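Participant: Can you keep this structure in mind? I'll have questions shortly.
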Amino acid sequence: MPGSFNGHGYHLFQAMRFTVEEINNSTALLPNITLGYELYDVCSESSNVYATLRVLALQGTGHIDMQRDLRNHSSKLVAIIGPDNTDHAVTTAALLGPFLMPLVSYEASSVTLSAKRKFPSFLRTIPSDRHQVEVMVRLLQSFGWVWISLIGSYGDYGQLGIQALEELATPRGICVAFKDVVPFSAQVVFFRSVVLANLTGKVWIASEDWAISTYITNVPGIRGIGTVLGVAIQQKHVPGLKEFEESYVRAVTAAPSTCPEGSWCSTNQLCRECHAFTALSMPTLGAFSMSAAHNVYAAVYAVARGLHQLLGCSSETCSRGPVYPWQVLQQIYKVNFLLHKKTVAFDDNGDPLGYYDIIAWDWNGPEWTFEVIGSASLSPVHLDINKTKIRWHGKNTQVPASVCARDCLAGHHRVVVGSHHCCFECMPCEAGTFLNTSGSAPASKAIGAPASKAIGAPAPKEELHTCQPCGTEEWAPEGSTACFARTVEFLAWHEPISLVLLAANTLLLLLLVGTAGLFAWHLHTPVVRSAGGRLCFLMLGSLVAGSCSFYCFFGEPTVPTCLLRQTLFSLGFAIFLSCLTIRSFQLVIIFKFSTKVPTLYHTWAKNHGAGLFVTVSSTVHLLICLTWLAVWTPRPTREYQRFPHLVILECTEVNSVGFLVAFAHNIVLSISTFVCSYLGKELPENYNEAKCVTFSLLLNFVSWIAFFTVSSIYQGIYLPAVNVLAGLTTLSGGFSGYFLPKCYVILFRPELNNTEHFQASIQDYTRRCGTT
């Protein structure tokens, strides 16, 4: 504050003096060289610029000689230590850069200053904010905090710090609920306003600038703001500094008289008028100032080591000659030495290699203190925190939560609500997808903000999870955390329904073979001849082929079974219908048109019309089936869409164009059969097959209508069984309607299987026709 004494700056001033005297008293470092120094109070930007221009001025003059080659610029100083904040350091580094004058800062930590193109001569002994921001984000992540507020001070340190923290935190799943900058005029009163606003129970993440600052902890009521964690410069000690300050006060107090104006008052440049405090009123050298003092200590030693290397110093002497700042800068970049067991070195950006301490404020006693709860190594950043040392605010002393939305249940994913991905609703994963980690975070206590040069507040990156699809061979119910293997299913041979159908089909085959044998035995009897004679064997053979196709519907589908099962049945049934149609048509021709249109009858008989029709019709259907197999080839396939938990093994012929064309051809043959049999409904009783054919065709239509109805509403593993059942019904109907009545006569009514009976039936038909 204006008019107040800056105790922290005082300790840094004394650290500078102490270090220079320590080096000058050393016999190992710069043995015959005495370092000198000038100290400037840069409490304002104008005084900062003035001091910078003063050190650039030629020795013994008050002006700066702007030469063509600025590397040959000669001034009374070869390096500058400071200044103490980013704003001043940016100005100073920009002015010194063209002259390559080394500027080693002990408190300016902004990432901006690492840009060597803009600030080629800038180095520092305090870690860059680039590392500090990374440490703060890692700290937020370690406690699961993803919903934060950012508050920084006016100026490059606070504003750039907020920007860097947001840019790093956002991709890691941390959402910034609020951010702002405390105006310069309000920085002194910020935490007083926090206390007056009764903003309690928060978690604050402090940057190194105020993490262990006693200025903040002296604000009345500050202990009630909540838990304060912070990133602090690693605690280091400058041996002898405290005693040096005390001896300085004693020397000033014992001085015999006031120094004349403009005079130098001893080798230590002590002047009684400069200080009015005594040993009792001397500002306390606390941990915060001691850490900063160590940075000053290291900065001066780095410059001295650079000079030592540049001057080629031995154990006794150093060579003398002109020394240019750019030469010193080169050597400072090369230094690497131990300073009381602490390494001093710089990387290519002029940043130091070091550590941070992670601290927590402690108000358990009457006075404020802090406890180191962990550390953070740099390059790469790694945190090591003992969380058991933290005393959280609140009654249950549990880690506070800082999130916008509650954790999702297992198997649920986040649906973002609003502009922040930390604010979401939980929705169960859809069937067929899974999420094996919980969705995210609980909304709870808001996170606080740092003051002054503050950067930060809590919450960790948590990647936004989405439901992952299961593999093709896997499935998952809604809201699942894992996928499960699908069950592979097909119509197996051992299924109960399969056994029943196989038994029925085998019985039908036996009946067909038995009927063929019976008809062969009675081939020349009137019943067999009236049924078609040798044509019956083609009809029975076609039914046998259709029946054999049903064995291809059972077991795991293969290429041969897929090729045969529908096409063999369709072809067999088409041949049967062709024979049945032509048999009915031929009876109509013989009884109704042989006498009325004898020419038509003789032409039909002479050209073997019956055989030609069967051959043509069967050939057409065979071509349809071959085209079906060639163009719409039935293949074994794995069906995944019908049931989420099943893989159905099937053939691809259902509803293909080839299947529909073949089926349509059989429908046309069925209608033709029905029409021809209907035309012969008045034929002699032994030749009248209208009722039996109508019955068989009715079964055919009903069975396939039932099949297509079932297939439209059911697509499970038993659909092939329904197909077999429809086919069995069709073949059984055809066999029963046409062959069973004839088998009955042959076996049980042999008296009707003679020529006299058939002739009597024909005579009766002729009499009725003549009467008509």
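Letters A, B, ... go to the chains of the structure tokens in the order shown; residues in each chain start at 1; ligands are counted from 1 in the same order.
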Which polymer residues have any atom within 8 Å of an atom of Gly734 in chain A, counting only C-alpha atoms, with same-chain residues fewer than 5 positions away left out, as a ChimeraX atom specification?
Facilitator: /A:693,696-697,739
Participant: Now that the selection is made, can you save its residues with C-alpha atoms as a CSV table (one decimal), in the first residue's frame?
Facilitator:
```csv
chain,number,residue,atom,x,y,z
A,693,VAL,CA,-58.0,-82.7,-56.1
A,696,SER,CA,-55.5,-81.4,-51.8
A,697,LEU,CA,-55.3,-77.9,-53.4
A,739,PHE,CA,-53.3,-91.7,-54.4
```
Participant: Between CA of Val195 in chain A and CA of Gly226 in chain A, what is the distance in Å, rounded to a tenth?
Facilitator: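 Atom-to-atom, CA of Val195 in chain A and CA of Gly226 in chain A are spaced 10.6 Å apart.
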Participant: Could you pull out the residues in range 481-684 of chain A that DSSP calls helix (DSSP H, G or I) from the backbone, as JSON, numbers by chain?
Facilitator: {"A": [496, 497, 498, 499, 500, 501, 502, 503, 504, 505, 506, 507, 508, 509, 510, 511, 512, 513, 514, 515, 516, 517, 518, 519, 520, 521, 526, 527, 528, 529, 530, 531, 535, 536, 537, 538, 539, 540, 541, 542, 543, 544, 545, 546, 547, 548, 549, 550, 551, 552, 553, 559, 560, 561, 562, 563, 564, 565, 566, 567, 568, 569, 570, 571, 572, 573, 574, 575, 576, 577, 578, 579, 580, 581, 582, 583, 584, 585, 586, 587, 588, 589, 590, 591, 592, 593, 598, 599, 600, 601, 602, 603, 604, 605, 606, 609, 610, 611, 612, 613, 614, 615, 616, 617, 618, 619, 620, 621, 622, 623, 624, 625, 626, 627, 628, 629, 630, 631, 657, 658, 659, 660, 661, 662, 663, 664, 665, 666, 667, 668, 669, 670, 671, 672, 673, 674, 675, 676, 677, 678, 679]}
Participant: Just the number, please: distance in Å from CA of Ala662 in chain A to CA of Val620 in chain A, one decimal.
Facilitator: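 The value is 9.7 Å.
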Participant: What parts of range 402-563 of chain A does DSSP call strand (DSSP E or B)? I'd like the answer as a PyMOL selection string.
Facilitator: chain A and resi 403+412-416+424-428+433-434+443+468-469+474-475+480+484-485+487-489
Participant: Just N, CA and C atoms for this one: save the residues we selected as a PDB file, in the first residue's frame.
Facilitator:
```
ATOM      1  N   VAL A 403     -18.856 -30.715  -8.429  1.00  0.00           N
ATOM      2  CA  VAL A 403     -19.308 -31.161  -9.736  1.00  0.00           C
ATOM      3  C   VAL A 403     -20.643 -30.507 -10.036  1.00  0.00           C
ATOM      4  N   HIS A 412     -25.009 -46.243 -17.427  1.00  0.00           N
ATOM      5  CA  HIS A 412     -25.686 -45.026 -17.883  1.00  0.00           C
ATOM      6  C   HIS A 412     -24.635 -44.056 -18.424  1.00  0.00           C
ATOM      7  N   HIS A 413     -25.014 -43.282 -19.402  1.00  0.00           N
ATOM      8  CA  HIS A 413     -24.084 -42.338 -19.988  1.00  0.00           C
ATOM      9  C   HIS A 413     -24.614 -40.917 -19.823  1.00  0.00           C
ATOM     10  N   ARG A 414     -23.735 -39.966 -20.105  1.00  0.00           N
ATOM     11  CA  ARG A 414     -24.075 -38.563 -19.888  1.00  0.00           C
ATOM     12  C   ARG A 414     -24.688 -37.943 -21.142  1.00  0.00           C
ATOM     13  N   VAL A 415     -25.716 -37.178 -20.932  1.00  0.00           N
ATOM     14  CA  VAL A 415     -26.297 -36.347 -21.988  1.00  0.00           C
ATOM     15  C   VAL A 415     -26.128 -34.904 -21.529  1.00  0.00           C
ATOM     16  N   VAL A 416     -25.255 -34.185 -22.208  1.00  0.00           N
ATOM     17  CA  VAL A 416     -24.881 -32.845 -21.765  1.00  0.00           C
ATOM     18  C   VAL A 416     -26.078 -31.909 -21.825  1.00  0.00           C
ATOM     19  N   PHE A 424     -24.883 -32.521 -16.897  1.00  0.00           N
ATOM     20  CA  PHE A 424     -25.471 -33.522 -17.768  1.00  0.00           C
ATOM     21  C   PHE A 424     -26.581 -34.278 -17.039  1.00  0.00           C
ATOM     22  N   GLU A 425     -27.360 -34.976 -17.834  1.00  0.00           N
ATOM     23  CA  GLU A 425     -28.331 -35.926 -17.315  1.00  0.00           C
ATOM     24  C   GLU A 425     -27.827 -37.328 -17.618  1.00  0.00           C
ATOM     25  N   CYS A 426     -28.278 -38.278 -16.822  1.00  0.00           N
ATOM     26  CA  CYS A 426     -27.843 -39.661 -17.004  1.00  0.00           C
ATOM     27  C   CYS A 426     -28.918 -40.455 -17.725  1.00  0.00           C
ATOM     28  N   MET A 427     -28.532 -41.103 -18.790  1.00  0.00           N
ATOM     29  CA  MET A 427     -29.452 -41.925 -19.570  1.00  0.00           C
ATOM     30  C   MET A 427     -28.878 -43.328 -19.690  1.00  0.00           C
ATOM     31  N   PRO A 428     -29.730 -44.347 -19.592  1.00  0.00           N
ATOM     32  CA  PRO A 428     -29.216 -45.715 -19.720  1.00  0.00           C
ATOM     33  C   PRO A 428     -28.712 -45.966 -21.140  1.00  0.00           C
ATOM     34  N   THR A 433     -25.466 -51.653 -26.518  1.00  0.00           N
ATOM     35  CA  THR A 433     -24.312 -50.830 -26.155  1.00  0.00           C
ATOM     36  C   THR A 433     -24.034 -51.011 -24.667  1.00  0.00           C
ATOM     37  N   PHE A 434     -22.862 -50.595 -24.244  1.00  0.00           N
ATOM     38  CA  PHE A 434     -22.493 -50.762 -22.839  1.00  0.00           C
ATOM     39  C   PHE A 434     -21.571 -49.630 -22.417  1.00  0.00           C
ATOM     40  N   ALA A 443     -22.967 -32.817  -8.097  1.00  0.00           N
ATOM     41  CA  ALA A 443     -22.955 -31.378  -7.892  1.00  0.00           C
ATOM     42  C   ALA A 443     -22.975 -31.083  -6.424  1.00  0.00           C
ATOM     43  N   GLN A 468     -20.507 -47.611 -25.642  1.00  0.00           N
ATOM     44  CA  GLN A 468     -19.794 -48.238 -26.738  1.00  0.00           C
ATOM     45  C   GLN A 468     -20.632 -49.372 -27.323  1.00  0.00           C
ATOM     46  N   PRO A 469     -20.664 -49.487 -28.646  1.00  0.00           N
ATOM     47  CA  PRO A 469     -21.441 -50.581 -29.239  1.00  0.00           C
ATOM     48  C   PRO A 469     -20.783 -51.932 -28.987  1.00  0.00           C
ATOM     49  N   GLU A 474     -21.969 -60.029 -30.094  1.00  0.00           N
ATOM     50  CA  GLU A 474     -22.299 -59.759 -28.694  1.00  0.00           C
ATOM     51  C   GLU A 474     -23.621 -58.999 -28.600  1.00  0.00           C
ATOM     52  N   TRP A 475     -24.145 -58.955 -27.387  1.00  0.00           N
ATOM     53  CA  TRP A 475     -25.365 -58.187 -27.149  1.00  0.00           C
ATOM     54  C   TRP A 475     -25.315 -57.648 -25.726  1.00  0.00           C
ATOM     55  N   SER A 480     -26.541 -51.586 -19.673  1.00  0.00           N
ATOM     56  CA  SER A 480     -25.588 -52.645 -19.341  1.00  0.00           C
ATOM     57  C   SER A 480     -24.186 -52.092 -19.155  1.00  0.00           C
ATOM     58  N   PHE A 484     -22.357 -59.367 -23.731  1.00  0.00           N
ATOM     59  CA  PHE A 484     -22.409 -60.808 -23.532  1.00  0.00           C
ATOM     60  C   PHE A 484     -22.423 -61.496 -24.893  1.00  0.00           C
ATOM     61  N   ALA A 485     -21.884 -62.696 -24.917  1.00  0.00           N
ATOM     62  CA  ALA A 485     -21.852 -63.441 -26.176  1.00  0.00           C
ATOM     63  C   ALA A 485     -23.273 -63.814 -26.595  1.00  0.00           C
ATOM     64  N   THR A 487     -26.168 -66.037 -28.305  1.00  0.00           N
ATOM     65  CA  THR A 487     -26.403 -67.465 -28.469  1.00  0.00           C
ATOM     66  C   THR A 487     -26.666 -67.755 -29.944  1.00  0.00           C
ATOM     67  N   VAL A 488     -25.882 -68.660 -30.500  1.00  0.00           N
ATOM     68  CA  VAL A 488     -26.055 -69.045 -31.900  1.00  0.00           C
ATOM     69  C   VAL A 488     -27.111 -70.137 -31.971  1.00  0.00           C
ATOM     70  N   GLU A 489     -28.160 -69.922 -32.750  1.00  0.00           N
ATOM     71  CA  GLU A 489     -29.281 -70.863 -32.786  1.00  0.00           C
ATOM     72  C   GLU A 489     -29.671 -71.196 -34.223  1.00  0.00           C
TER      73      GLU A 489
END
```
Participant: Give the answer as one residue: which of A:Cys743, A:Ala503, A:Leu53, A:Leu165 has the shortest atom-to-atom distance to Thr525 in chain A, using only C-alpha atoms?
Facilitator: A:Cys743
Participant: What lies within 10 Å of Pro750 in chain A using only C-alpha atoms, ignoring chain neighbours under 5 positions off, as a list of chain:residue names?
Facilitator: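 Here the answer would be A:Val527, A:Tyr744, A:Val745.
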Participant: Just to be explicit: take each residue in the selection above, keep C-alpha atoms, and write the result as a PDB file, in the first residue's frame.
Facilitator:
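Output below, filename selection_17.pdb:
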```
ATOM      1  CA  VAL A 527     -57.327 -98.409 -61.168  1.00  0.00           C
ATOM      2  CA  TYR A 744     -57.821 -98.133 -50.860  1.00  0.00           C
ATOM      3  CA  VAL A 745     -59.551 -99.698 -53.865  1.00  0.00           C
TER       4      VAL A 745
END
```
Participant: Which is closest to Arg638 in chain A among A:Asp209, A:Glu478, A:Glu473, A:Glu367, if we use only C-alpha atoms?
Facilitator: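 Closest candidate: A:Glu473.
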